[in-house]
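Chemist: Pasting input_8.cif below, which is mmCIF, C-alpha atoms.
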```cif
data_final
loop_
_atom_site.label_atom_id
_atom_site.label_comp_id
_atom_site.auth_asym_id
_atom_site.auth_seq_id
_atom_site.Cartn_x
_atom_site.Cartn_y
_atom_site.Cartn_z
CA MET A 1 2.82 -0.55 31.60
CA THR A 2 4.60 -2.24 28.73
CA SER A 3 8.09 -3.68 29.16
CA PHE A 4 11.21 -2.30 27.52
CA LEU A 5 11.58 -5.48 25.46
CA THR A 6 7.99 -5.29 24.20
CA ASN A 7 8.46 -1.64 23.24
CA LEU A 8 11.74 -2.39 21.48
CA VAL A 9 10.43 -5.35 19.47
CA ALA A 10 7.23 -3.51 18.51
CA PHE A 11 9.21 -0.39 17.53
CA VAL A 12 11.63 -2.36 15.32
CA ALA A 13 8.71 -4.18 13.69
CA LEU A 14 6.80 -0.93 13.10
CA ILE A 15 9.79 0.95 11.65
CA SER A 16 10.87 -1.99 9.52
CA ILE A 17 7.41 -2.42 7.99
CA LEU A 18 6.92 1.27 7.22
CA VAL A 19 10.46 1.77 5.90
CA ALA A 20 10.11 -1.32 3.69
CA VAL A 21 6.86 0.08 2.28
CA HIS A 22 8.35 3.54 1.68
CA GLU A 23 11.57 2.32 0.10
CA TYR A 24 9.77 -0.28 -1.99
CA GLY A 25 7.85 2.60 -3.57
CA HIS A 26 11.13 4.24 -4.63
CA TYR A 27 12.56 0.88 -5.70
CA ILE A 28 9.73 -0.43 -7.86
CA VAL A 29 9.01 2.88 -9.63
CA GLY A 30 12.75 3.31 -10.21
CA ARG A 31 12.89 -0.08 -11.89
CA TRP A 32 9.79 0.70 -13.94
CA SER A 33 11.51 3.93 -15.00
CA GLY A 34 14.57 2.06 -16.28
CA MET A 35 16.95 2.92 -13.45
CA LYS A 36 19.56 0.51 -12.13
CA VAL A 37 19.14 -0.30 -8.43
CA LEU A 38 22.41 -1.05 -6.65
CA ARG A 39 21.09 -1.66 -3.13
CA PHE A 40 17.80 -1.96 -1.23
CA SER A 41 18.46 -1.73 2.51
CA ILE A 42 16.20 -1.91 5.56
CA GLY A 43 18.22 -0.16 8.27
CA PHE A 44 21.47 1.77 8.13
CA GLY A 45 25.07 0.86 8.82
CA LYS A 46 26.77 -2.49 8.33
CA PRO A 47 24.59 -5.17 6.68
CA ILE A 48 23.85 -8.13 8.95
CA TRP A 49 22.19 -10.02 6.08
CA MET A 50 22.64 -9.56 2.35
CA ARG A 51 21.56 -11.26 -0.83
CA LYS A 52 22.27 -10.37 -4.46
CA SER A 53 19.57 -11.06 -6.99
CA GLY A 54 18.34 -10.22 -10.49
CA ALA A 55 20.04 -9.28 -13.73
CA ASP A 56 21.51 -6.16 -12.09
CA GLN A 57 22.71 -8.16 -9.05
CA THR A 58 20.93 -5.75 -6.73
CA GLU A 59 22.01 -6.06 -3.09
CA TYR A 60 19.07 -6.68 -0.74
CA CYS A 61 20.16 -5.94 2.86
CA ILE A 62 19.02 -5.87 6.43
CA SER A 63 21.40 -3.53 8.23
CA ALA A 64 22.40 -3.14 11.86
CA ILE A 65 20.66 0.16 12.76
CA PRO A 66 16.86 -0.28 12.39
CA LEU A 67 16.02 3.43 12.21
CA GLY A 68 15.35 3.83 8.50
CA GLY A 69 16.43 2.47 5.17
CA TYR A 70 17.38 3.48 1.66
CA VAL A 71 17.44 2.58 -2.02
CA LYS A 72 20.73 3.29 -3.79
CA PHE A 73 20.44 3.94 -7.52
CA LEU A 74 23.27 4.09 -10.02
CA ASP A 75 24.30 7.77 -10.25
CA SER A 76 26.90 9.28 -12.59
CA ARG A 77 27.60 12.05 -10.06
CA GLU A 78 29.16 9.44 -7.79
CA GLY A 79 31.45 7.83 -10.34
CA ALA A 80 31.84 6.65 -13.91
CA VAL A 81 29.00 4.63 -15.43
CA ASP A 82 29.79 1.57 -17.51
CA ALA A 83 28.87 1.81 -21.17
CA ALA A 84 26.44 -1.10 -20.69
CA ASP A 85 24.52 0.96 -18.13
CA ALA A 86 24.54 4.25 -20.02
CA GLY A 87 21.24 6.08 -19.53
CA ARG A 88 20.25 3.95 -16.52
CA ALA A 89 21.70 6.21 -13.80
CA PHE A 90 19.24 8.20 -11.70
CA ASP A 91 20.58 11.55 -12.92
CA GLN A 92 20.53 10.39 -16.56
CA ARG A 93 16.80 9.63 -16.59
CA PRO A 94 14.26 12.33 -17.55
CA VAL A 95 13.18 14.75 -14.81
CA PRO A 96 9.57 13.44 -14.75
CA ALA A 97 10.89 9.92 -14.11
CA ARG A 98 13.06 11.15 -11.23
CA ILE A 99 10.14 13.05 -9.69
CA ALA A 100 7.94 9.95 -10.03
CA VAL A 101 10.54 7.90 -8.13
CA LEU A 102 10.79 10.50 -5.37
CA LEU A 103 7.00 10.76 -5.04
CA ALA A 104 6.59 6.98 -4.95
CA GLY A 105 7.93 6.56 -1.40
CA PRO A 106 5.37 8.85 0.28
CA ALA A 107 2.66 7.61 -2.11
CA PHE A 108 3.23 4.02 -0.98
CA ASN A 109 2.93 5.16 2.65
CA PHE A 110 -0.51 6.61 1.88
CA LEU A 111 -1.50 3.48 -0.06
CA PHE A 112 -0.38 1.32 2.88
CA ALA A 113 -2.58 3.37 5.22
CA ILE A 114 -5.57 2.85 2.92
CA LEU A 115 -4.88 -0.89 2.85
CA ALA A 116 -4.51 -1.03 6.64
CA TYR A 117 -7.79 0.83 7.24
CA TRP A 118 -9.50 -1.34 4.61
CA VAL A 119 -8.43 -4.48 6.50
CA LEU A 120 -9.73 -3.03 9.76
CA MET A 121 -13.05 -1.98 8.22
CA ALA A 122 -13.70 -4.94 5.91
CA GLY A 123 -15.53 -7.02 8.52
CA GLY A 124 -17.45 -4.08 9.92
CA VAL A 125 -16.54 -1.94 12.90
CA MET A 126 -18.11 -1.22 16.26
CA VAL A 127 -17.85 2.47 17.10
CA VAL A 128 -18.84 4.57 20.08
CA THR A 129 -21.04 7.54 19.23
CA PRO A 130 -19.21 10.79 20.05
CA ALA A 131 -20.83 11.74 23.31
CA VAL A 132 -20.02 13.47 26.58
CA GLY A 133 -18.94 11.39 29.56
CA VAL A 134 -18.26 12.61 33.09
CA VAL A 135 -18.04 16.44 33.25
CA GLU A 136 -15.70 18.05 35.78
CA ALA A 137 -17.12 20.85 37.93
CA ASP A 138 -16.14 24.42 36.97
CA SER A 139 -14.40 23.27 33.79
CA TYR A 140 -14.74 24.67 30.26
CA ALA A 141 -17.23 21.87 29.55
CA ASP A 142 -19.22 22.57 32.71
CA ARG A 143 -19.38 26.31 31.98
CA ALA A 144 -20.55 25.55 28.44
CA GLY A 145 -23.42 23.45 29.82
CA LEU A 146 -22.28 20.02 28.64
CA GLU A 147 -23.97 17.15 30.47
CA PHE A 148 -23.25 13.45 30.84
CA GLY A 149 -24.77 11.53 27.92
CA ASP A 150 -25.00 14.44 25.48
CA LYS A 151 -24.38 13.17 21.95
CA ILE A 152 -22.27 15.42 19.71
CA LEU A 153 -24.08 15.81 16.39
CA LYS A 154 -22.06 18.67 14.88
CA VAL A 155 -18.82 20.51 15.51
CA GLY A 156 -19.27 23.91 13.95
CA ASP A 157 -21.02 23.20 10.65
CA ALA A 158 -19.51 19.70 10.27
CA ALA A 159 -21.78 16.75 11.04
CA VAL A 160 -19.93 14.00 12.96
CA SER A 161 -20.73 10.40 13.79
CA GLN A 162 -17.38 8.97 14.95
CA TRP A 163 -14.82 10.17 17.46
CA GLU A 164 -11.90 10.58 15.06
CA ALA A 165 -13.76 13.06 12.86
CA THR A 166 -15.08 14.78 15.99
CA LEU A 167 -11.60 15.31 17.43
CA VAL A 168 -10.26 16.61 14.11
CA ALA A 169 -13.14 19.08 13.85
CA MET A 170 -12.84 20.17 17.50
CA LEU A 171 -9.11 20.86 17.19
CA GLY A 172 -9.67 22.69 13.91
CA GLU A 173 -12.29 24.97 15.47
CA MET A 174 -10.31 25.50 18.65
CA VAL A 175 -7.02 26.61 17.06
CA ASP A 176 -8.86 29.23 14.98
CA ASP A 177 -10.29 31.41 17.75
CA GLY A 178 -10.42 29.29 20.90
CA ARG A 179 -14.13 28.56 20.47
CA VAL A 180 -15.70 25.18 19.66
CA PRO A 181 -19.44 25.32 18.78
CA LEU A 182 -21.18 21.99 19.40
CA THR A 183 -24.64 20.80 18.39
CA LEU A 184 -25.72 18.39 21.13
CA GLU A 185 -28.57 15.95 21.66
CA SER A 186 -29.45 15.17 25.26
CA SER A 187 -30.64 11.76 26.46
CA ASP A 188 -34.28 12.88 26.09
CA GLY A 189 -33.74 13.78 22.40
CA ARG A 190 -33.62 17.56 22.89
CA GLN A 191 -31.09 19.38 20.67
CA ARG A 192 -29.20 22.52 21.65
CA ILE A 193 -26.06 24.52 20.85
CA ALA A 194 -23.19 24.78 23.34
CA THR A 195 -19.86 26.54 22.84
CA LEU A 196 -16.60 25.56 24.51
CA ASP A 197 -14.65 28.80 24.91
CA VAL A 198 -11.01 28.19 25.89
CA GLY A 199 -9.65 31.58 24.77
CA SER A 200 -5.88 31.90 24.99
CA ASP A 201 -5.60 28.42 26.54
CA LYS A 202 -6.05 26.88 23.07
CA THR A 203 -2.36 26.13 22.43
CA ARG A 204 -1.89 24.30 25.73
CA LEU A 205 -4.93 22.13 25.00
CA THR A 206 -3.29 20.87 21.79
CA GLU A 207 -0.51 19.19 23.80
CA PRO A 208 -0.62 15.35 23.67
CA GLY A 209 -3.11 13.88 26.12
CA VAL A 210 -4.29 17.25 27.45
CA LEU A 211 -7.44 17.93 25.41
CA PHE A 212 -10.14 16.12 27.39
CA ASP A 213 -8.65 16.79 30.83
CA GLY A 214 -8.19 20.42 29.84
CA LEU A 215 -11.73 20.79 28.55
CA GLY A 216 -13.08 19.00 31.59
CA PHE A 217 -14.96 16.07 30.15
CA ALA A 218 -14.25 12.51 29.11
CA PRO A 219 -15.56 10.68 26.06
CA TRP A 220 -18.69 8.78 27.01
CA GLN A 221 -18.30 5.34 28.48
CA PRO A 222 -20.62 3.56 30.89
CA PRO A 223 -19.94 5.26 34.25
CA ALA A 224 -18.49 3.27 37.15
CA VAL A 225 -21.90 2.69 38.75
CA ILE A 226 -22.07 -0.56 40.68
CA ALA A 227 -24.74 -2.90 39.32
CA ASP A 228 -23.59 -6.15 40.94
CA LEU A 229 -21.51 -7.28 43.95
CA PRO A 230 -20.20 -10.83 43.36
CA ASP A 231 -19.77 -12.94 46.50
CA ASP A 232 -16.06 -13.54 45.85
CA GLY A 233 -15.12 -9.84 45.72
CA ALA A 234 -13.70 -7.47 48.30
CA ALA A 235 -16.54 -5.01 47.70
CA VAL A 236 -19.39 -7.26 48.86
CA ASN A 237 -18.80 -6.68 52.59
CA SER A 238 -17.02 -3.33 52.31
CA GLY A 239 -19.98 -0.98 52.67
CA LEU A 240 -20.26 -0.27 48.95
CA ALA A 241 -23.77 -0.73 47.53
CA ILE A 242 -25.48 -1.22 44.20
CA GLY A 243 -26.06 2.21 42.63
CA ASP A 244 -22.91 3.80 44.04
CA ARG A 245 -20.81 5.64 41.43
CA ILE A 246 -17.12 5.21 42.17
CA THR A 247 -15.16 8.42 41.54
CA SER A 248 -11.70 7.66 42.96
CA ILE A 249 -9.53 4.73 44.08
CA ALA A 250 -6.27 5.38 45.93
CA GLY A 251 -6.33 8.97 44.68
CA VAL A 252 -6.77 7.90 41.04
CA THR A 253 -9.76 9.57 39.35
CA ILE A 254 -12.32 7.05 38.11
CA LYS A 255 -14.61 8.10 35.26
CA ASN A 256 -15.60 4.68 33.93
CA PHE A 257 -15.05 0.98 34.50
CA ASP A 258 -11.94 0.94 32.35
CA ASP A 259 -10.37 3.51 34.71
CA LEU A 260 -11.47 1.34 37.65
CA ARG A 261 -9.85 -1.77 36.21
CA ILE A 262 -6.57 0.06 35.53
CA ALA A 263 -6.52 1.49 39.06
CA VAL A 264 -7.26 -1.82 40.80
CA GLN A 265 -5.06 -4.26 38.86
CA PRO A 266 -1.63 -3.23 40.25
CA ARG A 267 -2.88 -2.95 43.88
CA ALA A 268 -3.52 -6.57 44.83
CA GLY A 269 -3.94 -6.96 48.60
CA GLN A 270 -3.55 -3.23 49.29
CA GLU A 271 -5.86 -1.18 51.49
CA VAL A 272 -7.13 1.76 49.46
CA THR A 273 -9.47 4.70 49.90
CA ILE A 274 -12.48 4.49 47.61
CA GLU A 275 -14.51 7.66 47.02
CA PHE A 276 -18.02 7.38 45.59
CA ILE A 277 -21.32 9.18 45.08
CA ARG A 278 -24.42 7.77 46.81
CA ASN A 279 -27.79 9.49 46.43
CA GLY A 280 -26.03 12.66 45.27
CA ARG A 281 -23.71 12.79 48.30
CA ALA A 282 -19.93 12.23 48.23
CA GLU A 283 -18.69 9.51 50.59
CA SER A 284 -15.54 7.43 51.09
CA LEU A 285 -14.37 4.28 52.83
CA GLU A 286 -11.30 2.07 53.22
CA VAL A 287 -11.27 -1.27 51.38
CA ARG A 288 -8.62 -3.98 51.27
CA LEU A 289 -8.53 -5.19 47.68
CA GLY A 290 -8.61 -8.89 46.92
CA GLU A 291 -6.44 -10.64 44.40
CA ARG A 292 -6.76 -13.19 41.64
CA VAL A 293 -4.51 -14.78 39.04
CA VAL A 294 -5.04 -13.74 35.41
CA ASP A 295 -2.79 -15.31 32.76
CA GLY A 296 -0.32 -16.31 35.44
CA GLU A 297 -0.13 -12.81 36.95
CA VAL A 298 -1.52 -11.73 40.32
CA THR A 299 -3.80 -8.72 39.92
CA GLY A 300 -6.00 -6.66 42.22
CA TYR A 301 -9.70 -7.53 42.45
CA LEU A 302 -12.48 -5.33 43.85
CA GLY A 303 -15.45 -7.38 42.70
CA VAL A 304 -18.01 -5.00 41.26
CA GLY A 305 -20.14 -5.49 38.15
CA TRP A 306 -21.68 -3.03 35.75
CA THR A 307 -24.70 -3.00 33.49
CA THR A 308 -25.09 -2.24 29.78
CA ASP A 309 -28.60 -0.87 30.29
CA GLY A 310 -28.93 2.26 28.17
CA ALA A 311 -25.53 1.75 26.55
CA ASP A 312 -26.91 0.47 23.24
CA ALA A 313 -27.86 4.01 22.27
CA TYR A 314 -24.17 4.95 22.25
CA TYR A 315 -22.79 2.05 20.24
CA GLN A 316 -23.23 1.43 16.54
CA ARG A 317 -21.92 -1.33 14.32
CA ILE A 318 -21.11 -0.20 10.79
CA VAL A 319 -21.05 -2.96 8.18
CA TYR A 320 -19.34 -2.23 4.86
CA SER A 321 -19.27 -4.05 1.55
CA PRO A 322 -15.71 -4.51 0.20
CA LEU A 323 -16.06 -1.43 -2.03
CA GLU A 324 -17.65 0.63 0.73
CA SER A 325 -14.84 -0.27 3.14
CA LEU A 326 -12.26 0.71 0.52
CA TYR A 327 -13.98 4.06 0.02
CA ALA A 328 -14.23 4.58 3.79
CA ALA A 329 -10.54 3.67 4.20
CA THR A 330 -9.57 6.16 1.49
CA GLN A 331 -11.70 8.87 3.13
CA ARG A 332 -10.12 8.22 6.51
CA THR A 333 -6.60 8.34 5.06
CA TRP A 334 -7.37 11.60 3.26
CA MET A 335 -8.87 13.16 6.40
CA SER A 336 -5.87 12.13 8.52
CA THR A 337 -3.46 13.45 5.88
CA VAL A 338 -5.17 16.85 5.68
CA PHE A 339 -5.31 17.03 9.48
CA THR A 340 -1.58 16.22 9.78
CA VAL A 341 -0.69 18.92 7.25
CA GLU A 342 -2.91 21.47 9.02
CA MET A 343 -1.42 20.67 12.43
CA LEU A 344 2.13 20.97 11.07
CA GLY A 345 1.24 24.39 9.67
CA ARG A 346 -0.33 25.39 12.99
CA MET A 347 2.86 24.35 14.82
CA VAL A 348 4.83 26.77 12.63
CA THR A 349 2.46 29.62 13.50
CA GLY A 350 2.41 28.67 17.19
CA ASP A 351 -1.29 27.78 17.33
CA VAL A 352 -0.51 24.11 18.06
CA SER A 353 2.00 22.96 20.66
CA ILE A 354 5.32 21.59 19.35
CA LYS A 355 5.03 18.99 22.12
CA ASN A 356 3.08 16.98 19.54
CA ILE A 357 6.37 16.16 17.80
CA SER A 358 7.27 12.62 18.88
CA GLY A 359 10.61 10.87 18.73
CA PRO A 360 11.58 7.19 18.74
CA ILE A 361 11.06 6.76 22.51
CA ASN A 362 7.41 7.82 22.40
CA ILE A 363 6.79 5.92 19.16
CA ALA A 364 8.27 2.80 20.78
CA GLN A 365 5.95 3.17 23.77
CA ILE A 366 2.92 3.63 21.52
CA ALA A 367 3.96 0.65 19.40
CA GLY A 368 4.44 -1.55 22.47
CA GLU A 369 1.10 -0.58 24.00
CA SER A 370 -0.75 -1.13 20.72
CA ALA A 371 0.93 -4.52 20.21
CA GLU A 372 -0.15 -5.65 23.69
CA ARG A 373 -3.74 -4.57 23.00
CA GLY A 374 -3.93 -6.74 19.87
CA TRP A 375 -3.21 -6.77 16.16
CA ARG A 376 -6.05 -4.40 15.28
CA TYR A 377 -4.61 -1.65 17.46
CA PHE A 378 -1.12 -2.25 16.07
CA VAL A 379 -2.36 -2.06 12.47
CA GLY A 380 -4.21 1.16 13.32
CA ILE A 381 -1.01 2.71 14.70
CA LEU A 382 0.87 1.54 11.60
CA ALA A 383 -1.65 3.42 9.44
CA VAL A 384 -1.40 6.64 11.48
CA ILE A 385 2.41 6.69 11.51
CA SER A 386 2.56 5.71 7.83
CA ILE A 387 0.51 8.82 7.00
CA SER A 388 2.80 10.97 9.16
CA LEU A 389 5.85 9.48 7.44
CA GLY A 390 4.36 10.23 4.02
CA VAL A 391 3.58 13.84 4.93
CA LEU A 392 6.98 14.40 6.58
CA ASN A 393 8.85 13.15 3.53
CA LEU A 394 6.98 15.58 1.26
CA LEU A 395 8.19 18.61 3.18
CA PRO A 396 10.45 20.79 0.99
CA VAL A 397 13.57 20.02 3.03
CA PRO A 398 16.56 19.13 0.79
CA VAL A 399 17.46 15.83 2.50
CA LEU A 400 13.84 14.61 2.25
CA ASP A 401 11.93 13.49 -0.84
CA GLY A 402 10.07 16.80 -1.00
CA GLY A 403 13.32 18.77 -1.08
CA GLN A 404 14.75 16.55 -3.81
CA ILE A 405 11.58 17.09 -5.85
CA VAL A 406 12.15 20.86 -5.53
CA PHE A 407 15.70 20.35 -6.91
CA GLN A 408 14.32 18.38 -9.86
CA LEU A 409 11.69 21.03 -10.63
CA ALA A 410 14.38 23.74 -10.47
CA GLU A 411 16.48 21.75 -12.93
CA ALA A 412 13.50 21.41 -15.28
CA LEU A 413 12.88 25.17 -15.20
CA LYS A 414 16.56 26.07 -15.46
CA GLY A 415 17.29 23.56 -18.22
CA SER A 416 20.35 22.21 -16.41
CA PRO A 417 21.21 20.76 -12.99
CA LEU A 418 21.72 23.13 -10.07
CA THR A 419 25.35 23.88 -9.28
CA GLU A 420 27.13 21.56 -6.89
CA ARG A 421 27.59 24.43 -4.42
CA THR A 422 23.84 25.18 -4.42
CA GLN A 423 23.04 21.53 -3.76
CA ILE A 424 25.61 21.30 -0.95
CA ILE A 425 24.20 24.41 0.74
CA GLY A 426 20.70 22.97 0.38
CA GLN A 427 21.81 19.69 1.95
CA GLN A 428 23.42 21.53 4.87
CA VAL A 429 20.26 23.56 5.49
CA GLY A 430 18.19 20.36 5.31
CA ILE A 431 20.43 18.53 7.78
CA LEU A 432 20.25 21.48 10.19
CA ALA A 433 16.43 21.50 9.93
CA LEU A 434 16.27 17.77 10.62
CA LEU A 435 18.64 18.07 13.58
CA LEU A 436 16.40 20.77 15.06
CA LEU A 437 13.33 18.59 14.49
CA MET A 438 15.04 15.58 16.09
CA SER A 439 16.12 17.72 19.05
CA PHE A 440 12.51 18.79 19.66
CA ALA A 441 11.37 15.17 19.33
CA PHE A 442 13.94 13.80 21.80
CA TYR A 443 13.27 16.65 24.25
CA ASN A 444 9.53 15.91 24.12
CA ASP A 445 10.16 12.18 24.61
CA ILE A 446 12.35 12.77 27.65
CA ALA A 447 9.92 15.32 29.09
CA ARG A 448 7.09 12.76 28.79
CA LEU A 449 9.20 10.07 30.49
CA PHE A 450 9.84 12.30 33.49
CA GLY A 451 6.35 13.76 33.60
#
```
Is it possible to express this structure as structure tokens?

Modeler:
Amino acid sequence: MTSFLTNLVAFVALISILVAVHEYGHYIVGRWSGMKVLRFSIGFGKPIWMRKSGADQTEYCISAIPLGGYVKFLDSREGAVDAADAGRAFDQRPVPARIAVLLAGPAFNFLFAILAYWVLMAGGVMVVTPAVGVVEADSYADRAGLEFGDKILKVGDAAVSQWEATLVAMLGEMVDDGRVPLTLESSDGRQRIATLDVGSDKTRLTEPGVLFDGLGFAPWQPPAVIADLPDDGAAVNSGLAIGDRITSIAGVTIKNFDDLRIAVQPRAGQEVTIEFIRNGRAESLEVRLGERVVDGEVTGYLGVGWTTDGADAYYQRIVYSPLESLYAATQRTWMSTVFTVEMLGRMVTGDVSIKNISGPINIAQIAGESAERGWRYFVGILAVISISLGVLNLLPVPVLDGGQIVFQLAEALKGSPLTERTQIIGQQVGILALLLLMSFAFYNDIARLFG
């Protein structure tokens, strides 16, 4: 589990990067459009660092509250404009220029996501073929006939080759009518059709982290079958044997060796119950875990090895040329954007759980965990949240970019600005909508913290 400090630092870094990207879009297009920029701030509240620069003496700030940022343009609605700056105020520029500035923030978020994915893909990527791992008895997956090792070739009519596209397609099929048709290929090469039928349970299964447990199968990984018993491990004289498949440690379900590692690490020196399958029969025994020091930290050690025999069929390395990786990055960004929009729409209709709305606490936890796992994971999370930020800001809510674009289009059609009263009412409605959204987000964060 990540520390509070790690989460905080990673969260501030994530928000600062994405806000800087978003606001830079507004800033640079505003300058290109001939507008005067008074301030560019990362964060809200009192500036803790400021520098003035350029012919316009624009204030560049880092402010005390790292939960956003803003670009402040000269605006005649907020006060008199000097004769020298006539025509350079935001509201004095043509409507198309104003719309371009408002669109630029979200557009830069999408461009950043493309760049991030391009960096991740440029050297080639190792991906796990979408395939079925351990299947729980009497689950939706079990009743549909899914078996360990089945490769997923199609979801509905959509061919899939990577997990991200598979999950998007599965959720899309499921929220329609609760049925997910899968074209599968078994380990012997035989193809067949299987249908996951979750019926009215479809909304619950869209809650964060519920999908695979709810369906009753895990993504394929090499199962926790013992292939080696090192002499320095606790397992060697415990009664465990090569070929045993470990299914539980200290009550924690084990589906693969990653689960095993996570279960063992915090239990150094503890006596635990290990459940396993031997020759098709469930057995259990008590084992006192060993311990070893890793990076200065004492961790639990069972001492079992695994084999990669047969695993090559489930891994593929995709190598891209620079142009191919750029195209793939653009495709991935587009797919994630469409998926985000669809899920937001499904939340409104009730087909997707509103528990998917995350607030700063959950984002901080995700940022901290991704930072600890390495820069590639952190960059991947940056891309995902950048896309979400871009989509969110395009919603037609008056205090967001999308709402301001609606105001500008109304002015273009009307031939004059909307009345001050209309704009104030719009702002109040927008603030209320955001407060409701933030309330859902904080409630979901707190609910996740307390299980």

Chemist: Expand the PyMOL selection byres ((chain A and resi 77) around 12) into the individual residues it matches in the shown file, reporting them as JSON, numbers by chain.

Modeler: {"A": [73, 74, 75, 76, 78, 79, 80, 81, 89, 90, 91, 92, 417, 420]}

Chemist: Run the PyMOL selection byres ((chain A and resi 351) around 12) on the file and write out the hits as an NGL selection string.

Modeler: :A and (171-178 or 199-207 or 342-350 or 352-356)

Chemist: Which neighbours of Met50 in chain A fall inside 7 Å, counting only C-alpha atoms, when residues of the same chain fewer than 6 positions from it are skipped, and could you give them as a list in words?

Modeler: Glu59, Tyr60, Cys61 and Ile62 of chain A

Chemist: Which one is closest to Pro94 in chain A: A:Ala194, A:Met35, A:Ala218, A:Leu18? Count only C-alpha atoms.

Modeler: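 Counting only C-alpha atoms, the residue closest to Pro94 in chain A is A:Met35.
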
Chemist: Rounded to one decimal, what separation in Å do you get between CA of Gln331 in chain A and CA of Gly68 in chain A?

Modeler: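 Result for CA of Gln331 in chain A versus CA of Gly68 in chain A: 28.0 Å, one decimal.
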
Chemist: Restricting the calculation to all atoms listed in the file: of A:Val210, A:Ile424, A:Val264, A:Leu196, which residue gets closest to Pro398 in chain A?

Modeler: A:Ile424

Chemist: Have a look at CA of Glu369 in chain A and CA of Ala10 in chain A and let me know their distance in Å, one decimal.

Modeler: 8.7 Å

Chemist: What's the separation between CA of Met121 in chain A and CA of Val21 in chain A, in Å to one decimal place?

Modeler: 20.9 Å

Chemist: Within 8 Å of (11.5, 5.4, -8.7) in the file's own coordinates, which protein, DNA or RNA residues have an atom, counting all atoms listed in the file? List them as a PyMOL selection string.

Modeler: chain A and resi 25-33+35+97-104
